[in-house]
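Colleague: Provided herewith is a single structure, encoded as structure tokens, for subsequent inquiry.
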Amino acid sequence: DTGVSQNPRHKITKRGQNVTFRCDPISEHNRLYWYRQTLGQGPEFLTYFQNEAQLEKSRLLSDRFSAERPKGSFSTLEIQRTEQGDSAMYLCASSGGRDRMTDTQYFGPGTRLTVL
Amino acid sequence: SQQGEEDPQALSIQEGENATMNCSYKTSINNLQWYRQNSGRGLVHLILIRSNEREKHSGRLRVTLDTSKKSSSLLITASRAADTASYFCATLLSGGYNKLIFGAGTRLAVHP
């Protein structure tokens, strides 16, 4: 399977704990994005990487959130001191590379976070 | 804040009928993309239309774009029960931005 993969698919945690999600983009894609989606809403942009450089961060990304893409391949999104309001689906997408439609973002299946 | 607004919020039709969903946006765009999302799953890219295009087709899908009205429509012809899903429009802003801005989606139910 050469699509975007995300792990874990589901995460249940207690308030105050730290969680980390991983995203593996399509291998030749140089751009990687994180979005957050709450029930009944469309995804909201969180952050964007081109290769290993984090080029844009949303105001939604509070100080408790940090994202990395250390070698320009996979990415991690960490949430520290989780709050109930962090419960959402976290989606990763990638684009670029040899794909002629370089603006097309391909999404992974998402990680559903539940904070108790 | 979300740039796109889909209309209607929910749509219920019978198999074989056509489904039309509309999307309006607020600022200049580079392109507009439509995605489908089955319940609780990731988004599947359907079609991309650039700001200098007016209409695109892909199988049973037809997308139009009217930049003067800042609106787009997605038509699904001869719908099937498997088309039941949420449909989102997403805009890529002009000016070198890379993030997609999504609307709240249209929830389509196709009944056999």
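Ligands are numbered from 1 in the order shown, chains are lettered A, B, ... in the order of the structure tokens, and residues start at 1 in each chain.
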Using only C-alpha atoms, which residues sit within 10 Å of A:Ser87 once same-chain residues fewer than 3 positions away are excluded, as a PyMOL selection string?
Modeller: chain A and resi 11-13+36-39+82-84+90+112-116
Colleague: Among chain A, which residues carry a DSSP assignment of strand (DSSP E or B), reported as a PyMOL selection string?
Modeller: chain A and resi 5-7+10-13+19-24+31-37+44-50+53-57+65-68+75-79+88-95+106-107+111-115
Colleague: Could you please select, counting only C-alpha atoms, the residues of chain A within 9 Å of chain B and state them as a list in words?
Modeller: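 Taken together, these residues fit the definition: Tyr33, Gly40, Gln41, Gly42, Pro43, Glu44, Phe45, Leu46, Thr47, Tyr48, Glu56, Met89, Leu91, Met101, Asp103, Thr104, Gln105, Tyr106, Phe107, Gly108, Pro109, Gly110 and Arg112 of chain A.
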Colleague: For B:His57, which residue among B:Ala81, B:Ile76, B:Leu11, B:Leu93 is the nearest when counting only C-alpha atoms?
Modeller: B:Ile76
Colleague: Could you jot down the atom CA of B:His111 to atom CA of B:Thr84 separation for me, Å, one decimal place?
Modeller: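 Atom CA of B:His111 sits 8.4 Å away from atom CA of B:Thr84.
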Colleague: Give me, as a ChimeraX atom specification, all polymer residues having an atom no more than 8 Å from A:Asp24, counting only C-alpha atoms and skipping those fewer than 3 positions away in the same chain.
Modeller: /A:4-6,27,73-75
Colleague: So which residues touch B:Ser28 within 10 Å, counting only C-alpha atoms, skipping near sequence neighbours fewer than 3 positions away, as a list in words?
Modeller: Tyr25, Asn31, Ser51, Thr67, Ser68, Lys70, Thr91, Leu92, Leu93, Ser94 and Gly95 of chain B
Colleague: Using only C-alpha atoms for the distances, tell me which of A:Ser95, A:Asn30, A:Asn18, A:Ser58 is nearest to A:Glu78.
Modeller: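 Result for the nearest residue to A:Glu78: A:Asn18.
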Colleague: May I ask for the distance between atom CA of B:Ala109 and atom CA of B:Gln9, given in Å to one decimal place?
Modeller: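 We find that atom CA of B:Ala109 and atom CA of B:Gln9 lie 11.4 Å from each other.
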Colleague: Using atom CA of B:Val110 and atom CA of B:Glu5 as the two end points, give the distance in Å to one decimal.
Modeller: 21.6 Å
Colleague: Can you pull out every residue within 7 Å of B:Leu61, counting only C-alpha atoms, but drop anything in the same chain fewer than 2 positions away, and send it as a PyMOL selection string?
Modeller: chain B and resi 57-59+63+74-77
Colleague: With a distance cut-off of 12 Å and only C-alpha atoms, select the neighbouring residues of A:Arg64, excluding the residue or stretch itself and same-chain residues fewer than 3 positions from it, and output the selection as a list in words.
Modeller: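 In the requested format, the answer is Gly16, Gln17, Asn18, Val19, Thr20, Arg59, Leu60, Leu61, Ala67, Leu77, Glu78, Ile79, Gln80, Arg81, Thr82, Glu83 and Asp86 of chain A.
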Colleague: Those residues with N, CA, C and O atoms, as a PDB file, in the first residue's frame please?
Modeller:
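Printed below is again-v2.pdb as written:
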ATOM      1  N   GLY A  16      -4.456  15.255  30.777  1.00  0.00           N
ATOM      2  CA  GLY A  16      -3.164  15.534  31.386  1.00  0.00           C
ATOM      3  C   GLY A  16      -2.023  14.692  30.861  1.00  0.00           C
ATOM      4  O   GLY A  16      -0.850  15.024  31.074  1.00  0.00           O
ATOM      5  N   GLN A  17      -2.369  13.594  30.163  1.00  0.00           N
ATOM      6  CA  GLN A  17      -1.321  12.739  29.604  1.00  0.00           C
ATOM      7  C   GLN A  17      -0.820  13.316  28.278  1.00  0.00           C
ATOM      8  O   GLN A  17      -1.494  14.114  27.627  1.00  0.00           O
ATOM      9  N   ASN A  18       0.373  12.875  27.877  1.00  0.00           N
ATOM     10  CA  ASN A  18       0.926  13.252  26.580  1.00  0.00           C
ATOM     11  C   ASN A  18       0.642  12.143  25.571  1.00  0.00           C
ATOM     12  O   ASN A  18       0.646  10.965  25.922  1.00  0.00           O
ATOM     13  N   VAL A  19       0.412  12.532  24.343  1.00  0.00           N
ATOM     14  CA  VAL A  19       0.195  11.550  23.272  1.00  0.00           C
ATOM     15  C   VAL A  19       1.021  11.955  22.057  1.00  0.00           C
ATOM     16  O   VAL A  19       1.300  13.130  21.839  1.00  0.00           O
ATOM     17  N   THR A  20       1.406  10.959  21.274  1.00  0.00           N
ATOM     18  CA  THR A  20       2.163  11.196  20.044  1.00  0.00           C
ATOM     19  C   THR A  20       1.573  10.375  18.924  1.00  0.00           C
ATOM     20  O   THR A  20       1.303   9.186  19.094  1.00  0.00           O
ATOM     21  N   ARG A  59      -2.948  29.147  14.223  1.00  0.00           N
ATOM     22  CA  ARG A  59      -3.147  29.631  15.586  1.00  0.00           C
ATOM     23  C   ARG A  59      -3.802  28.566  16.460  1.00  0.00           C
ATOM     24  O   ARG A  59      -3.786  28.647  17.679  1.00  0.00           O
ATOM     25  N   LEU A  60      -4.416  27.561  15.801  1.00  0.00           N
ATOM     26  CA  LEU A  60      -5.013  26.457  16.552  1.00  0.00           C
ATOM     27  C   LEU A  60      -3.954  25.639  17.271  1.00  0.00           C
ATOM     28  O   LEU A  60      -4.245  24.941  18.247  1.00  0.00           O
ATOM     29  N   LEU A  61      -2.733  25.704  16.774  1.00  0.00           N
ATOM     30  CA  LEU A  61      -1.648  24.893  17.334  1.00  0.00           C
ATOM     31  C   LEU A  61      -1.074  25.609  18.553  1.00  0.00           C
ATOM     32  O   LEU A  61      -0.146  26.416  18.439  1.00  0.00           O
ATOM     33  N   ALA A  67       5.012  19.534  16.333  1.00  0.00           N
ATOM     34  CA  ALA A  67       5.131  18.615  15.208  1.00  0.00           C
ATOM     35  C   ALA A  67       6.548  18.646  14.693  1.00  0.00           C
ATOM     36  O   ALA A  67       7.205  19.688  14.708  1.00  0.00           O
ATOM     37  N   LEU A  77       3.224  14.160  15.572  1.00  0.00           N
ATOM     38  CA  LEU A  77       2.476  15.248  16.198  1.00  0.00           C
ATOM     39  C   LEU A  77       2.304  14.871  17.657  1.00  0.00           C
ATOM     40  O   LEU A  77       1.743  13.817  17.966  1.00  0.00           O
ATOM     41  N   GLU A  78       2.826  15.698  18.555  1.00  0.00           N
ATOM     42  CA  GLU A  78       2.713  15.428  19.982  1.00  0.00           C
ATOM     43  C   GLU A  78       1.809  16.456  20.625  1.00  0.00           C
ATOM     44  O   GLU A  78       1.884  17.653  20.327  1.00  0.00           O
ATOM     45  N   ILE A  79       0.944  15.976  21.500  1.00  0.00           N
ATOM     46  CA  ILE A  79       0.105  16.849  22.313  1.00  0.00           C
ATOM     47  C   ILE A  79       0.477  16.611  23.770  1.00  0.00           C
ATOM     48  O   ILE A  79       0.391  15.479  24.264  1.00  0.00           O
ATOM     49  N   GLN A  80       0.899  17.651  24.439  1.00  0.00           N
ATOM     50  CA  GLN A  80       1.251  17.538  25.853  1.00  0.00           C
ATOM     51  C   GLN A  80       0.074  17.977  26.715  1.00  0.00           C
ATOM     52  O   GLN A  80      -0.720  18.836  26.310  1.00  0.00           O
ATOM     53  N   ARG A  81      -0.012  17.375  27.888  1.00  0.00           N
ATOM     54  CA  ARG A  81      -1.046  17.753  28.879  1.00  0.00           C
ATOM     55  C   ARG A  81      -2.419  17.833  28.200  1.00  0.00           C
ATOM     56  O   ARG A  81      -3.060  18.878  28.179  1.00  0.00           O
ATOM     57  N   THR A  82      -2.852  16.724  27.648  1.00  0.00           N
ATOM     58  CA  THR A  82      -4.089  16.706  26.864  1.00  0.00           C
ATOM     59  C   THR A  82      -5.277  17.219  27.660  1.00  0.00           C
ATOM     60  O   THR A  82      -5.368  17.040  28.877  1.00  0.00           O
ATOM     61  N   GLU A  83      -6.191  17.845  26.928  1.00  0.00           N
ATOM     62  CA  GLU A  83      -7.439  18.360  27.495  1.00  0.00           C
ATOM     63  C   GLU A  83      -8.594  17.705  26.747  1.00  0.00           C
ATOM     64  O   GLU A  83      -8.428  17.228  25.613  1.00  0.00           O
ATOM     65  N   ASP A  86      -9.237  18.477  23.177  1.00  0.00           N
ATOM     66  CA  ASP A  86      -8.344  17.958  22.137  1.00  0.00           C
ATOM     67  C   ASP A  86      -8.926  16.740  21.440  1.00  0.00           C
ATOM     68  O   ASP A  86      -8.387  16.285  20.425  1.00  0.00           O
TER      69      ASP A  86
END
